Amino acid sequence: MSIQSIATLVSAGLHPASGEPRHCRNDSLAMTLGLNLAESISAEIKVLHAGDKNNPALPNYLALNAKKIDVIPVATNVNIVDSLATHLTNTDLILTGSRAEDGEDSGLLPYLLAAKLNIPLVANALVIKPVENGIEVLQFLPKGKRRSVTVQLPAVVVVHPLAPIELRFAYAQQMSGQIVAQTTAVQSNTATSKQIQWQIQAAINKPKKLKAQENKSGHERMLSAITSENKGGAVVNEGSSVEKAQVVLAYLREHHLISF
Amino acid sequence: MTDNHNNRINPRRPFKDTASGVKRIVLTTAPRPNEQPHAKPIRSREKNNAEQANILVISHSDRGMLDDHARQTVAAAAILANEDTSTDVTVVALILGDLRENIASCGADQVIVMPEFSFEKFQPDLELANITAVIERLKPTKILMPDNFIGDGDLGRRLIASQHTKTAATHVTEIHVHHAASPHAAGRKIAFTELPDIVLLAADTVDMDLPFVGSAIQSTVQNENTGLQHGSTGSSQKSTSPYQNLGLKTIATEHVALEEADLIVSAGNGVNNVATFERLALALDAAIGASRVAVDDGKFTRDKQIGASGKTVTASTYIAIGISGAVQHLQGIKDCRHVIAINRDNSAPIIKRADLSVIGDAEAIMQALINAIAEAKSPALQSSALQSPAPQSPAQQEAA
């Protein structure tokens with residue numbers, strides 16, 4: 001099955017320094033990846049935003065070469081995952097950014113969407129390549145590792161912030177593009193994850209670390225204050241340099257840090 | 001050397017503590033009682049007819065070990081369990097991938113290892129089915145997972161999406177007995193909530209220094225059971241799984257950013273011959289770092305500098321050659337798991353930080369290391385060359 005239709009989800013972002021509304025960087029990467037992919041295999045692409053049609057952040061996506069943005073209005077009684085899911089039922093490939101820049105930005109939406117649509121999900125995608133019977137995704141892993149996986153379509157792919165994609169901003173495209181409001185009656189009928197009541201405040205103080213309580217006597221506390229804990233590992237003083245080199249190699253082998 | 005300074009009174013001269021806690025100076029050279037750190041006690045769980053409960057920690061292992069982030073998550077569970085005065089809480093660590101170390105020091109009471117789910121292989125559907133089975137069996141009150149990139153952040157979100165009845169929070173930067181907080185709006189705001197059922201914990205949110213250890217009973221039976229159960233169904237599931245692994249690849253070290261490198265050799269003032277040092281880095285396939293002094297001397301470019309004014313690295317292995325280890329440098333390597341120091345001075349601060357210190361001339365030891373690595377690599381090549389026709393021949397016979 002080849003890719004017929006691609007959808008990318010975009011959210012409203014905020015500028016990291018000024019807090020001005022603008023495109024969300026992670027979502028722009030996913031959108032540009034989708035636009036490039038759609039162009040190369042001549043698939044249909046849809047850019048979706050759930051929220052307000054007049055959001056000042058949306059024209060930014062037009063400038064980043066989205067020809068048209070479909071806006072799904074969010075009703076207060078309908079879950080956003082449900083309304084997105086009804087618009088995405090016949091989509092082969094759904095691309096999202098890894099994390100939003102405003103609101104809860106938990107990175108959970110693609111997972112809830114994939115669970116709702118009952119389709120596979122691949123996260124941390126850097127490169128997407130269409131192959132027979134699906135897509136091949138290069139995944140980011142830390143420590144300079146990358147992993148290739150194939151996944152059957154339809155699928156949700158979450159694009160990693162390090163994806164090698166260049167964003168191009170053009171004012172002419174912003175002027176020529178259009179933002180269209182969609183109207184579809186959606187009924188929320190499924191159980192979604194239990195909602196959490198958040199108490200939101202400005203992030204001024206550093207988060208406090210969790211620390212174990214210790215019931216020490218005054219004498220013990222004095223002792224721990226005047227003696228430093230015996231840190232440091234094994235020290236090799238003796239032996240020739242060849243023996244010392246063998247000690248280093250043995251340590252590396254013992255902890256499986258080298259493979260020879 | 002000590003003979004020259006006999007007239008000085010050793011400020012840390014030996015003493016003993018009397019029963020009443022009074023310090024008495026002794027005239028012998030007996031070691032101080034605190035020099036051998038006495039073993040920490042196992043967390044006391046003696047509560048009168050308390051109910052039993054579990055806290056589950058799920059994490060992938062990396063080469064048979066837990067990284068600091070995962071250890072912090074286990075420690076968080078242990079602290080939460082310890083603060084609970086009404087129930088007898090067991091900290092169960094479910095480790096995906098093999099485990100070759102004892103994690104009692106982070107407070108785990110029970111350890112369930114599922115060696116078939118290494119983080120290197122992408123099999124989220126099987127992993128989710130297995131951890132859901134464990135959750136149904138243990139019915140934990142809380143589930144803690146590190147929010148990382150080696151699969152736990154991904155698996156945790158899949159778990160949250162599949163468990164509709166549980167509350168959940170991701171990117172949690174502050175965890176406490178009764179509340180949790182995570183950043184909202186890209187860190188501009190912080191949101192507090194009651195401690196949810198599933199917590200994906202950010203790094204560096206927990207002080208790992210615990211006054212107790214866990215019993216860390218490794219439940220191999222459960223592991224085998226679940227492994228066999230799902231291993232047998234796994235073969236049938238694999239054909240229907242939408243995911244297929246095409247393999248893992250490692251980027252050549254010269255293209256990896258220093259912050260992302262896994263093995264770093266770093267040179268300081270004690271390295272005079274940069275050519276030898278670079279040959280060692282090549283032999284180990286390691287990234288090159290340097291201390292401020294070496295960079296200031298013009299031996300290395302500024303982008304190689306590690307430390308407070310340079311880069312902060314997270315390598316699992318850091319080999320410091322000829323680096324004394326000023327605090328500014330140690331700050332840059334605070335997240336490194338294994339630090340090996342090669343130094344001439346056995347009183348340098350790096351020796352206190354290093355897990356293994358080799359005292360001696362850097363140049364000679366580097367040369368010896370290069371030879372030892374070349375020696376170790378060459379029989380490996382020979383044996384692989386000898387072995388490689390062996391597995392081919394039966395396959396060819398079968399094909400014929």
# chains A, B, ... in the order shown; residues from 1 in each chain; ligands from 1
call {"tool": "residues_around", "arguments": {"residues": "region 122-139 of chain A", "least_positions_apart": "5", "cutoff": "7 Å", "atoms": "only C-alpha atoms", "output": "PDB file with N, CA and C atoms, in the first residue's frame"}}
result
ATOM      1  N   MET A   1       0.849  -1.199   0.000  1.00  0.00           N
ATOM      2  CA  MET A   1       0.000   0.000   0.000  1.00  0.00           C
ATOM      3  C   MET A   1       0.881   1.244   0.000  1.00  0.00           C
ATOM      4  N   SER A   2       0.706   2.024  -0.982  1.00  0.00           N
ATOM      5  CA  SER A   2       1.504   3.252  -1.015  1.00  0.00           C
ATOM      6  C   SER A   2       0.740   4.372  -0.300  1.00  0.00           C
ATOM      7  N   ARG A 146      21.293   5.289  15.867  1.00  0.00           N
ATOM      8  CA  ARG A 146      20.079   5.464  15.077  1.00  0.00           C
ATOM      9  C   ARG A 146      19.516   4.086  14.784  1.00  0.00           C
ATOM     10  N   ARG A 147      18.197   4.004  14.659  1.00  0.00           N
ATOM     11  CA  ARG A 147      17.568   2.706  14.430  1.00  0.00           C
ATOM     12  C   ARG A 147      16.587   2.845  13.280  1.00  0.00           C
ATOM     13  N   SER A 148      16.622   1.885  12.376  1.00  0.00           N
ATOM     14  CA  SER A 148      15.666   1.878  11.277  1.00  0.00           C
ATOM     15  C   SER A 148      14.577   0.868  11.563  1.00  0.00           C
ATOM     16  N   VAL A 149      13.334   1.297  11.397  1.00  0.00           N
ATOM     17  CA  VAL A 149      12.221   0.362  11.531  1.00  0.00           C
ATOM     18  C   VAL A 149      11.271   0.589  10.367  1.00  0.00           C
ATOM     19  N   THR A 150      10.570  -0.463   9.985  1.00  0.00           N
ATOM     20  CA  THR A 150       9.482  -0.263   9.028  1.00  0.00           C
ATOM     21  C   THR A 150       8.180  -0.393   9.792  1.00  0.00           C
ATOM     22  N   VAL A 151       7.178   0.316   9.314  1.00  0.00           N
ATOM     23  CA  VAL A 151       5.878   0.261   9.964  1.00  0.00           C
ATOM     24  C   VAL A 151       4.805   0.228   8.881  1.00  0.00           C
ATOM     25  N   GLN A 152       3.754  -0.536   9.163  1.00  0.00           N
ATOM     26  CA  GLN A 152       2.659  -0.634   8.212  1.00  0.00           C
ATOM     27  C   GLN A 152       1.804   0.625   8.290  1.00  0.00           C
ATOM     28  N   LEU A 153       1.175   0.936   7.200  1.00  0.00           N
ATOM     29  CA  LEU A 153       0.270   2.082   7.156  1.00  0.00           C
ATOM     30  C   LEU A 153      -1.158   1.593   7.373  1.00  0.00           C
ATOM     31  N   VAL A 156       0.843   6.687  12.752  1.00  0.00           N
ATOM     32  CA  VAL A 156       1.171   8.016  13.280  1.00  0.00           C
ATOM     33  C   VAL A 156       2.685   8.060  13.439  1.00  0.00           C
ATOM     34  N   VAL A 157       3.319   9.117  12.961  1.00  0.00           N
ATOM     35  CA  VAL A 157       4.763   9.264  13.124  1.00  0.00           C
ATOM     36  C   VAL A 157       5.027  10.572  13.858  1.00  0.00           C
ATOM     37  N   VAL A 158       5.766  10.482  14.961  1.00  0.00           N
ATOM     38  CA  VAL A 158       6.135  11.659  15.744  1.00  0.00           C
ATOM     39  C   VAL A 158       7.561  12.049  15.356  1.00  0.00           C
ATOM     40  N   VAL A 159       7.721  13.269  14.879  1.00  0.00           N
ATOM     41  CA  VAL A 159       9.016  13.703  14.352  1.00  0.00           C
ATOM     42  C   VAL A 159       9.865  14.257  15.490  1.00  0.00           C
ATOM     43  N   HIS A 160      11.121  13.842  15.519  1.00  0.00           N
ATOM     44  CA  HIS A 160      12.049  14.274  16.569  1.00  0.00           C
ATOM     45  C   HIS A 160      12.552  15.685  16.274  1.00  0.00           C
ATOM     46  N   LEU A 162      15.414  16.856  16.261  1.00  0.00           N
ATOM     47  CA  LEU A 162      16.698  16.889  15.548  1.00  0.00           C
ATOM     48  C   LEU A 162      16.585  16.427  14.095  1.00  0.00           C
ATOM     49  N   ALA A 163      15.381  16.273  13.587  1.00  0.00           N
ATOM     50  CA  ALA A 163      15.208  15.834  12.201  1.00  0.00           C
ATOM     51  C   ALA A 163      15.913  16.808  11.259  1.00  0.00           C
ATOM     52  N   PRO A 164      16.682  16.290  10.293  1.00  0.00           N
ATOM     53  CA  PRO A 164      17.455  17.184   9.420  1.00  0.00           C
ATOM     54  C   PRO A 164      16.573  17.882   8.382  1.00  0.00           C
TER      55      PRO A 164
ATOM     56  N   ASP B 154       8.634   6.758  25.391  1.00  0.00           N
ATOM     57  CA  ASP B 154       7.728   6.269  24.359  1.00  0.00           C
ATOM     58  C   ASP B 154       6.765   5.235  24.944  1.00  0.00           C
TER      59      ASP B 154
END
call {"tool": "residues_around", "arguments": {"residues": "region 74-79 of chain B", "least_positions_apart": "6", "cutoff": "10 Å", "atoms": "only C-alpha atoms", "output": "ChimeraX atom specification"}}
result
/A:209-213 /B:43,54-59,66,68,89-94,103-109,142-146,175-177,201,205-214
call {"tool": "atom_distance", "arguments": {"atom1": "CA of Thr87 (chain B)", "atom2": "CA of His178 (chain B)"}}
result
14.9 Å
call {"tool": "atom_distance", "arguments": {"atom1": "CA of Gln201 (chain A)", "atom2": "CA of Ser162 (chain B)"}}
result
29.5 Å
call {"tool": "closest_residue", "arguments": {"among": "A:Arg168, A:His23, A:Lys244, A:Arg253", "to": "chain B", "atoms": "only C-alpha atoms"}}
result
A:Lys244
call {"tool": "closest_residue", "arguments": {"among": "B:Leu284, B:Val295, B:Ile190, B:Leu258", "to": "chain A", "atoms": "only C-alpha atoms"}}
result
B:Ile190
call {"tool": "residues_around", "arguments": {"residues": "Ile340 (chain B)", "least_positions_apart": "2", "cutoff": "8 Å", "atoms": "only C-alpha atoms", "output": "PyMOL selection string"}}
result
(chain A and resi 248) or (chain B and resi 317-320+338+342+354-358)
call {"tool": "write_last_selection", "arguments": {"atoms": "C-alpha atoms", "output": "PDB file, in the first residue's frame"}}
result
ATOM      1  CA  VAL A 248      42.122  -0.190  31.892  1.00  0.00           C
TER       2      VAL A 248
ATOM      3  CA  THR B 317      32.743   6.185  29.514  1.00  0.00           C
ATOM      4  CA  TYR B 318      35.092   9.093  30.042  1.00  0.00           C
ATOM      5  CA  ILE B 319      38.836   8.494  29.972  1.00  0.00           C
ATOM      6  CA  ALA B 320      40.675  11.512  31.406  1.00  0.00           C
ATOM      7  CA  HIS B 338      32.390   5.451  34.190  1.00  0.00           C
ATOM      8  CA  ILE B 342      45.318   8.217  33.811  1.00  0.00           C
ATOM      9  CA  ALA B 354      37.272   8.407  38.881  1.00  0.00           C
ATOM     10  CA  ASP B 355      36.015   4.851  39.121  1.00  0.00           C
ATOM     11  CA  LEU B 356      39.428   3.602  38.090  1.00  0.00           C
ATOM     12  CA  SER B 357      42.651   5.562  38.386  1.00  0.00           C
ATOM     13  CA  VAL B 358      45.919   4.508  36.842  1.00  0.00           C
TER      14      VAL B 358
END
call {"tool": "atom_distance", "arguments": {"atom1": "CA of Leu109 (chain A)", "atom2": "CA of Thr314 (chain B)"}}
result
29.5 Å
